[in-house]
Amino acid sequence: MPKSQPNLYAFPGVDALAPALRAYIVQSQNAGLERHNSFKVAVSGGSLPKTLAQALLAPSQGPRDSIDFSKWEIFYADERAVPLDHADSNHALLKAELLDKIPAHQQPTVHPIDAAHLDDIQELADQYEKALVSSFASRDSVRLPIFDLLLLGCGPDGHTCSLFPGHAVLRESDAWVAPIEDSPKPPPRRITLTLPVVTHAVRVAFVATGGGKKDIMRQIFDSSQGLPCALVNDAAGERCSWFVDEAAVEGVSFPRKAFL
C-alpha cells in the first residue's frame with residue numbers, strides 16, 4: 001500500500017490563502033475541543049504570525065466559523081534563547097501580531113520559554129519539555145505528546161522549527177525538546193521540538209509564500225534530499241497540509257489539491 005502524500009493547496013495570493021487557512025484551523029480546533037475540550041497548538045515564527053493574524057482576527061462568518069481562543073493552549077515549535085521581549089523572540093513576534101489583539105476575555109493559555117534559564121540552553125530545553133509533560137500527561141505514560149495542530153514555516157534552506165538540514169538534532173529520537181547551540185541561522189542558541197514530536201501531531205500545516213520559496217519548494221516536493229520539511233512530509237503524509245501562494249510553487253510538479 002503506497003504511503004499517503006501531503007496536501008498541497010495553492011492560492012493566487014495571501015488574501016485568498018488566509019480564509020482557507022482559517023477554515024483549516026477552525027476544523028482542527030473543533031476536533032481538539034471534541035477530543036479533550038482544549039486545542040493544543042504549536043506555532044513557529046518568521047512570517048507565519050502575520051499570516052495567522054490575517055486569518056484568525058478576521059470577523060467570524062457564523063457558528064461554523066467560530067474561534068474560541070480561551071480554549072487554546074499555545075506552545076512554540078521553536079524559540080530563540082533571548083529575552084521574551086527581544087526582537088528575535090518568536091513569542092514577542094506572535095504577541096505583537098496576534099496575542100495582543102485578542103480580547104482580554106478570550107486570551108489563550110500561552111507557554112513561553114522560562115527566561116530565567118537563558119544562560120543554560122540544555123536547562124532551557126528541559127524546562128520547556130516539563131511544560132509539555134504537565135500539559136500532555138506524565139513522561140512515563142506518554143511516549144510523545146500529540147498536538148492537535150502544528151503551524152509551521154519553511155526556511156529558504158528547507159528548515160522548519162529549528163530543525164536544520166544535516167544537523168545532528170534531526171537524529172534526536174528521545175527528547176521532546178532539544179537545545180541547539182550552533183544554529184546556522186542567527187541567533188545560534190535555540191530550542192526546538194524534535195522531529196518525532198512534530199510528525200506525531202494530529203495535523204501539521206505549513207505556510208509558505210512568495211517567489212523566494214520556489215527553488216526550495218521544488219527541492220522539498222520534487223527531489224526531497226532529506227530536507228527537514230521533506231522529512232515531515234514523508235512521516236506525516238496526508239496529516240500534513242501546505243498552504244502556499246502560486247508564486248511559491250512556480251515550477252513545482254507535485255500535484256495541487258483544491259481546498260474544500
# chains A, B, ... in the order shown; residues from 1 in each chain; ligands from 1
$ residues_around --residues "Asp215 of chain A" --least-positions-apart "6" --cutoff "9 Å" --atoms "only C-alpha atoms" --output "PyMOL selection string"
chain A and resi 156+248-252
$ write_last_selection --atoms "all heavy atoms" --output "compact mmCIF listing (two decimals), in the first residue's frame"
# COMPACT_ATOMS: atom_id res chain seq x y z
N PRO A 156 14.36 29.17 3.66
CA PRO A 156 14.90 29.08 2.31
C PRO A 156 15.87 27.92 2.11
O PRO A 156 16.20 27.56 0.98
CB PRO A 156 15.62 30.43 2.12
CG PRO A 156 15.83 30.97 3.49
CD PRO A 156 14.73 30.42 4.34
N ALA A 248 5.09 30.71 -4.76
CA ALA A 248 5.98 29.83 -4.00
C ALA A 248 6.13 28.46 -4.65
O ALA A 248 7.11 27.75 -4.37
CB ALA A 248 5.48 29.67 -2.58
N VAL A 249 5.17 28.06 -5.47
CA VAL A 249 5.24 26.71 -6.07
C VAL A 249 5.37 26.77 -7.59
O VAL A 249 5.09 25.80 -8.28
CB VAL A 249 4.02 25.85 -5.66
CG1 VAL A 249 4.15 25.41 -4.21
CG2 VAL A 249 2.71 26.57 -5.90
N GLU A 250 5.81 27.90 -8.11
CA GLU A 250 6.05 28.00 -9.55
C GLU A 250 7.11 26.97 -9.95
O GLU A 250 8.19 26.91 -9.38
CB GLU A 250 6.54 29.41 -9.90
CG GLU A 250 6.76 29.63 -11.38
CD GLU A 250 7.39 30.99 -11.67
OE1 GLU A 250 7.23 31.91 -10.83
OE2 GLU A 250 8.02 31.12 -12.72
N GLY A 251 6.79 26.11 -10.89
CA GLY A 251 7.72 25.09 -11.35
C GLY A 251 7.71 23.81 -10.55
O GLY A 251 8.42 22.86 -10.89
N VAL A 252 6.90 23.74 -9.49
CA VAL A 252 6.79 22.51 -8.69
C VAL A 252 5.82 21.56 -9.39
O VAL A 252 4.69 21.94 -9.70
CB VAL A 252 6.30 22.82 -7.25
CG1 VAL A 252 6.04 21.53 -6.48
CG2 VAL A 252 7.32 23.69 -6.52
$ residues_around --residues "Glu34 of chain A" --least-positions-apart "6" --cutoff "12 Å" --atoms "only C-alpha atoms" --output "list of chain:residue names"
A:Gln27, A:Ser28, A:Lys71, A:Asp148
$ write_last_selection --atoms "all heavy atoms" --output "mmCIF file, in the first residue's frame"
data_model
loop_
_atom_site.group_PDB
_atom_site.id
_atom_site.type_symbol
_atom_site.label_atom_id
_atom_site.label_comp_id
_atom_site.auth_asym_id
_atom_site.auth_seq_id
_atom_site.Cartn_x
_atom_site.Cartn_y
_atom_site.Cartn_z
ATOM 1 N N GLN A 27 -11.397 23.841 11.822
ATOM 2 C CA GLN A 27 -11.661 22.391 11.816
ATOM 3 C C GLN A 27 -10.791 21.686 12.854
ATOM 4 O O GLN A 27 -11.268 20.815 13.598
ATOM 5 C CB GLN A 27 -11.354 21.802 10.435
ATOM 6 C CG GLN A 27 -12.306 22.186 9.321
ATOM 7 C CD GLN A 27 -11.760 21.753 7.955
ATOM 8 O OE1 GLN A 27 -10.773 21.025 7.867
ATOM 9 N NE2 GLN A 27 -12.400 22.211 6.896
ATOM 10 N N SER A 28 -9.520 22.057 12.886
ATOM 11 C CA SER A 28 -8.571 21.434 13.823
ATOM 12 C C SER A 28 -8.954 21.768 15.263
ATOM 13 O O SER A 28 -8.886 20.913 16.161
ATOM 14 C CB SER A 28 -7.152 21.918 13.530
ATOM 15 O OG SER A 28 -6.797 21.690 12.187
ATOM 16 N N LYS A 71 -9.998 28.520 24.763
ATOM 17 C CA LYS A 71 -9.757 27.071 24.881
ATOM 18 C C LYS A 71 -8.421 26.661 24.235
ATOM 19 O O LYS A 71 -8.086 25.485 24.216
ATOM 20 C CB LYS A 71 -10.899 26.298 24.219
ATOM 21 C CG LYS A 71 -12.266 26.476 24.870
ATOM 22 C CD LYS A 71 -12.334 25.727 26.180
ATOM 23 C CE LYS A 71 -13.694 25.853 26.843
ATOM 24 N NZ LYS A 71 -14.743 25.107 26.132
ATOM 25 N N ASP A 148 -2.764 18.891 18.644
ATOM 26 C CA ASP A 148 -3.882 18.916 17.698
ATOM 27 C C ASP A 148 -3.440 19.501 16.365
ATOM 28 O O ASP A 148 -3.915 19.088 15.312
ATOM 29 C CB ASP A 148 -5.042 19.754 18.268
ATOM 30 C CG ASP A 148 -5.617 19.145 19.533
ATOM 31 O OD1 ASP A 148 -5.936 17.943 19.517
ATOM 32 O OD2 ASP A 148 -5.722 19.868 20.543
#
$ closest_residue --among "A:Phe69, A:Phe259, A:Trp176, A:Phe11" --to "Phe136 of chain A" --atoms "only C-alpha atoms"
A:Trp176
$ residues_around --residues "Lys130 of chain A" --least-positions-apart "6" --cutoff "12 Å" --atoms "only C-alpha atoms" --output "list in words"
His111, Ile113, Asp114, Glu123, Leu124, Phe136, Ala137, Ser138, Arg139, Pro145, Ala175, Trp176 and Val177 of chain A
$ closest_residue --among "A:Leu8, A:Val197, A:Leu227, A:Leu118" --to "His167 of chain A" --atoms "only C-alpha atoms"
A:Leu227
$ closest_residue --among "A:Pro103, A:Pro186, A:Ala58, A:His117" --to "Asp88 of chain A" --atoms "only C-alpha atoms"
A:Pro186
$ closest_residue --among "A:Lys213, A:Arg239, A:Lys95, A:Arg171" --to "Lys3 of chain A" --atoms "only C-alpha atoms"
A:Arg239
$ closest_residue --among "A:Lys214, A:Arg80, A:Asp222, A:Arg203" --to "Glu238 of chain A" --atoms "only C-alpha atoms"
A:Arg203
$ decode --residues "segment 93-128 of chain A" --atoms "N, CA, C and O atoms" --output "PDB file, in the first residue's frame"
ATOM      1  N   LEU A  93       7.111  38.129  18.717  1.00  0.00           N
ATOM      2  CA  LEU A  93       6.511  38.304  17.393  1.00  0.00           C
ATOM      3  C   LEU A  93       5.042  37.904  17.399  1.00  0.00           C
ATOM      4  O   LEU A  93       4.175  38.646  16.906  1.00  0.00           O
ATOM      5  N   LEU A  94       4.739  36.731  17.959  1.00  0.00           N
ATOM      6  CA  LEU A  94       3.336  36.284  17.999  1.00  0.00           C
ATOM      7  C   LEU A  94       2.503  37.210  18.875  1.00  0.00           C
ATOM      8  O   LEU A  94       1.343  37.501  18.563  1.00  0.00           O
ATOM      9  N   LYS A  95       3.101  37.701  19.952  1.00  0.00           N
ATOM     10  CA  LYS A  95       2.393  38.620  20.859  1.00  0.00           C
ATOM     11  C   LYS A  95       2.012  39.904  20.126  1.00  0.00           C
ATOM     12  O   LYS A  95       0.872  40.373  20.198  1.00  0.00           O
ATOM     13  N   ALA A  96       2.974  40.454  19.388  1.00  0.00           N
ATOM     14  CA  ALA A  96       2.719  41.716  18.682  1.00  0.00           C
ATOM     15  C   ALA A  96       1.712  41.544  17.550  1.00  0.00           C
ATOM     16  O   ALA A  96       0.842  42.394  17.346  1.00  0.00           O
ATOM     17  N   GLU A  97       1.836  40.451  16.798  1.00  0.00           N
ATOM     18  CA  GLU A  97       0.988  40.256  15.622  1.00  0.00           C
ATOM     19  C   GLU A  97      -0.415  39.759  15.976  1.00  0.00           C
ATOM     20  O   GLU A  97      -1.395  40.137  15.339  1.00  0.00           O
ATOM     21  N   LEU A  98      -0.514  38.889  17.003  1.00  0.00           N
ATOM     22  CA  LEU A  98      -1.793  38.205  17.257  1.00  0.00           C
ATOM     23  C   LEU A  98      -2.279  38.325  18.692  1.00  0.00           C
ATOM     24  O   LEU A  98      -3.386  38.814  18.931  1.00  0.00           O
ATOM     25  N   LEU A  99      -1.456  37.908  19.653  1.00  0.00           N
ATOM     26  CA  LEU A  99      -1.955  37.762  21.024  1.00  0.00           C
ATOM     27  C   LEU A  99      -2.468  39.071  21.604  1.00  0.00           C
ATOM     28  O   LEU A  99      -3.504  39.101  22.288  1.00  0.00           O
ATOM     29  N   ASP A 100      -1.748  40.177  21.351  1.00  0.00           N
ATOM     30  CA  ASP A 100      -2.156  41.472  21.910  1.00  0.00           C
ATOM     31  C   ASP A 100      -3.453  41.992  21.295  1.00  0.00           C
ATOM     32  O   ASP A 100      -4.049  42.944  21.821  1.00  0.00           O
ATOM     33  N   LYS A 101      -3.878  41.385  20.189  1.00  0.00           N
ATOM     34  CA  LYS A 101      -5.094  41.850  19.503  1.00  0.00           C
ATOM     35  C   LYS A 101      -6.310  40.987  19.825  1.00  0.00           C
ATOM     36  O   LYS A 101      -7.400  41.236  19.321  1.00  0.00           O
ATOM     37  N   ILE A 102      -6.122  39.971  20.675  1.00  0.00           N
ATOM     38  CA  ILE A 102      -7.233  39.123  21.103  1.00  0.00           C
ATOM     39  C   ILE A 102      -7.856  39.742  22.349  1.00  0.00           C
ATOM     40  O   ILE A 102      -7.142  40.128  23.275  1.00  0.00           O
ATOM     41  N   PRO A 103      -9.201  39.875  22.412  1.00  0.00           N
ATOM     42  CA  PRO A 103      -9.842  40.481  23.590  1.00  0.00           C
ATOM     43  C   PRO A 103      -9.454  39.774  24.883  1.00  0.00           C
ATOM     44  O   PRO A 103      -9.196  38.561  24.893  1.00  0.00           O
ATOM     45  N   ALA A 104      -9.413  40.532  25.978  1.00  0.00           N
ATOM     46  CA  ALA A 104      -8.939  40.010  27.270  1.00  0.00           C
ATOM     47  C   ALA A 104      -9.702  38.763  27.700  1.00  0.00           C
ATOM     48  O   ALA A 104      -9.105  37.806  28.206  1.00  0.00           O
ATOM     49  N   HIS A 105     -11.025  38.749  27.496  1.00  0.00           N
ATOM     50  CA  HIS A 105     -11.823  37.610  27.960  1.00  0.00           C
ATOM     51  C   HIS A 105     -11.619  36.360  27.104  1.00  0.00           C
ATOM     52  O   HIS A 105     -12.069  35.276  27.470  1.00  0.00           O
ATOM     53  N   GLN A 106     -10.921  36.510  25.975  1.00  0.00           N
ATOM     54  CA  GLN A 106     -10.694  35.381  25.070  1.00  0.00           C
ATOM     55  C   GLN A 106      -9.235  34.926  25.067  1.00  0.00           C
ATOM     56  O   GLN A 106      -8.855  34.048  24.302  1.00  0.00           O
ATOM     57  N   GLN A 107      -8.409  35.493  25.931  1.00  0.00           N
ATOM     58  CA  GLN A 107      -6.970  35.205  25.882  1.00  0.00           C
ATOM     59  C   GLN A 107      -6.682  33.702  26.029  1.00  0.00           C
ATOM     60  O   GLN A 107      -7.204  33.051  26.932  1.00  0.00           O
ATOM     61  N   PRO A 108      -5.841  33.167  25.145  1.00  0.00           N
ATOM     62  CA  PRO A 108      -5.470  31.758  25.258  1.00  0.00           C
ATOM     63  C   PRO A 108      -4.436  31.536  26.358  1.00  0.00           C
ATOM     64  O   PRO A 108      -3.844  32.494  26.873  1.00  0.00           O
ATOM     65  N   THR A 109      -4.222  30.283  26.726  1.00  0.00           N
ATOM     66  CA  THR A 109      -3.106  29.917  27.595  1.00  0.00           C
ATOM     67  C   THR A 109      -1.863  29.809  26.725  1.00  0.00           C
ATOM     68  O   THR A 109      -1.867  29.081  25.729  1.00  0.00           O
ATOM     69  N   VAL A 110      -0.826  30.558  27.052  1.00  0.00           N
ATOM     70  CA  VAL A 110       0.387  30.597  26.235  1.00  0.00           C
ATOM     71  C   VAL A 110       1.574  30.109  27.070  1.00  0.00           C
ATOM     72  O   VAL A 110       1.699  30.457  28.240  1.00  0.00           O
ATOM     73  N   HIS A 111       2.416  29.304  26.454  1.00  0.00           N
ATOM     74  CA  HIS A 111       3.581  28.738  27.138  1.00  0.00           C
ATOM     75  C   HIS A 111       4.875  29.263  26.516  1.00  0.00           C
ATOM     76  O   HIS A 111       5.443  28.634  25.623  1.00  0.00           O
ATOM     77  N   PRO A 112       5.371  30.419  26.981  1.00  0.00           N
ATOM     78  CA  PRO A 112       6.686  30.881  26.518  1.00  0.00           C
ATOM     79  C   PRO A 112       7.787  30.129  27.255  1.00  0.00           C
ATOM     80  O   PRO A 112       7.525  29.403  28.224  1.00  0.00           O
ATOM     81  N   ILE A 113       9.020  30.296  26.784  1.00  0.00           N
ATOM     82  CA  ILE A 113      10.161  29.711  27.497  1.00  0.00           C
ATOM     83  C   ILE A 113      10.326  30.404  28.851  1.00  0.00           C
ATOM     84  O   ILE A 113       9.820  31.503  29.066  1.00  0.00           O
ATOM     85  N   ASP A 114      11.039  29.733  29.756  1.00  0.00           N
ATOM     86  CA  ASP A 114      11.371  30.323  31.050  1.00  0.00           C
ATOM     87  C   ASP A 114      12.683  31.087  30.899  1.00  0.00           C
ATOM     88  O   ASP A 114      13.766  30.495  30.876  1.00  0.00           O
ATOM     89  N   ALA A 115      12.580  32.412  30.794  1.00  0.00           N
ATOM     90  CA  ALA A 115      13.750  33.248  30.505  1.00  0.00           C
ATOM     91  C   ALA A 115      14.788  33.233  31.632  1.00  0.00           C
ATOM     92  O   ALA A 115      15.899  33.734  31.458  1.00  0.00           O
ATOM     93  N   ALA A 116      14.453  32.631  32.766  1.00  0.00           N
ATOM     94  CA  ALA A 116      15.436  32.523  33.860  1.00  0.00           C
ATOM     95  C   ALA A 116      16.575  31.576  33.487  1.00  0.00           C
ATOM     96  O   ALA A 116      17.626  31.584  34.146  1.00  0.00           O
ATOM     97  N   HIS A 117      16.384  30.770  32.429  1.00  0.00           N
ATOM     98  CA  HIS A 117      17.385  29.756  32.067  1.00  0.00           C
ATOM     99  C   HIS A 117      18.084  30.065  30.743  1.00  0.00           C
ATOM    100  O   HIS A 117      18.620  29.155  30.106  1.00  0.00           O
ATOM    101  N   LEU A 118      18.104  31.313  30.338  1.00  0.00           N
ATOM    102  CA  LEU A 118      18.702  31.671  29.049  1.00  0.00           C
ATOM    103  C   LEU A 118      20.203  31.349  28.985  1.00  0.00           C
ATOM    104  O   LEU A 118      20.737  31.103  27.904  1.00  0.00           O
ATOM    105  N   ASP A 119      20.862  31.319  30.133  1.00  0.00           N
ATOM    106  CA  ASP A 119      22.306  31.067  30.141  1.00  0.00           C
ATOM    107  C   ASP A 119      22.644  29.577  30.035  1.00  0.00           C
ATOM    108  O   ASP A 119      23.808  29.223  29.837  1.00  0.00           O
ATOM    109  N   ASP A 120      21.636  28.717  30.203  1.00  0.00           N
ATOM    110  CA  ASP A 120      21.857  27.262  30.165  1.00  0.00           C
ATOM    111  C   ASP A 120      20.877  26.665  29.166  1.00  0.00           C
ATOM    112  O   ASP A 120      19.738  26.374  29.502  1.00  0.00           O
ATOM    113  N   ILE A 121      21.329  26.487  27.926  1.00  0.00           N
ATOM    114  CA  ILE A 121      20.430  26.099  26.844  1.00  0.00           C
ATOM    115  C   ILE A 121      19.825  24.713  27.062  1.00  0.00           C
ATOM    116  O   ILE A 121      18.664  24.464  26.719  1.00  0.00           O
ATOM    117  N   GLN A 122      20.592  23.796  27.673  1.00  0.00           N
ATOM    118  CA  GLN A 122      20.043  22.459  27.973  1.00  0.00           C
ATOM    119  C   GLN A 122      18.929  22.566  29.011  1.00  0.00           C
ATOM    120  O   GLN A 122      17.881  21.926  28.888  1.00  0.00           O
ATOM    121  N   GLU A 123      19.156  23.373  30.041  1.00  0.00           N
ATOM    122  CA  GLU A 123      18.124  23.560  31.067  1.00  0.00           C
ATOM    123  C   GLU A 123      16.897  24.256  30.481  1.00  0.00           C
ATOM    124  O   GLU A 123      15.757  23.940  30.846  1.00  0.00           O
ATOM    125  N   LEU A 124      17.122  25.186  29.576  1.00  0.00           N
ATOM    126  CA  LEU A 124      16.005  25.867  28.906  1.00  0.00           C
ATOM    127  C   LEU A 124      15.130  24.849  28.169  1.00  0.00           C
ATOM    128  O   LEU A 124      13.897  24.893  28.268  1.00  0.00           O
ATOM    129  N   ALA A 125      15.788  23.924  27.451  1.00  0.00           N
ATOM    130  CA  ALA A 125      15.051  22.880  26.729  1.00  0.00           C
ATOM    131  C   ALA A 125      14.347  21.937  27.708  1.00  0.00           C
ATOM    132  O   ALA A 125      13.184  21.561  27.502  1.00  0.00           O
ATOM    133  N   ASP A 126      15.053  21.557  28.781  1.00  0.00           N
ATOM    134  CA  ASP A 126      14.469  20.637  29.767  1.00  0.00           C
ATOM    135  C   ASP A 126      13.233  21.244  30.426  1.00  0.00           C
ATOM    136  O   ASP A 126      12.221  20.556  30.634  1.00  0.00           O
ATOM    137  N   GLN A 127      13.319  22.520  30.764  1.00  0.00           N
ATOM    138  CA  GLN A 127      12.179  23.183  31.405  1.00  0.00           C
ATOM    139  C   GLN A 127      10.990  23.287  30.438  1.00  0.00           C
ATOM    140  O   GLN A 127       9.841  23.167  30.856  1.00  0.00           O
ATOM    141  N   TYR A 128      11.297  23.515  29.159  1.00  0.00           N
ATOM    142  CA  TYR A 128      10.182  23.593  28.203  1.00  0.00           C
ATOM    143  C   TYR A 128       9.555  22.217  28.008  1.00  0.00           C
ATOM    144  O   TYR A 128       8.335  22.102  27.862  1.00  0.00           O
TER     145      TYR A 128
END
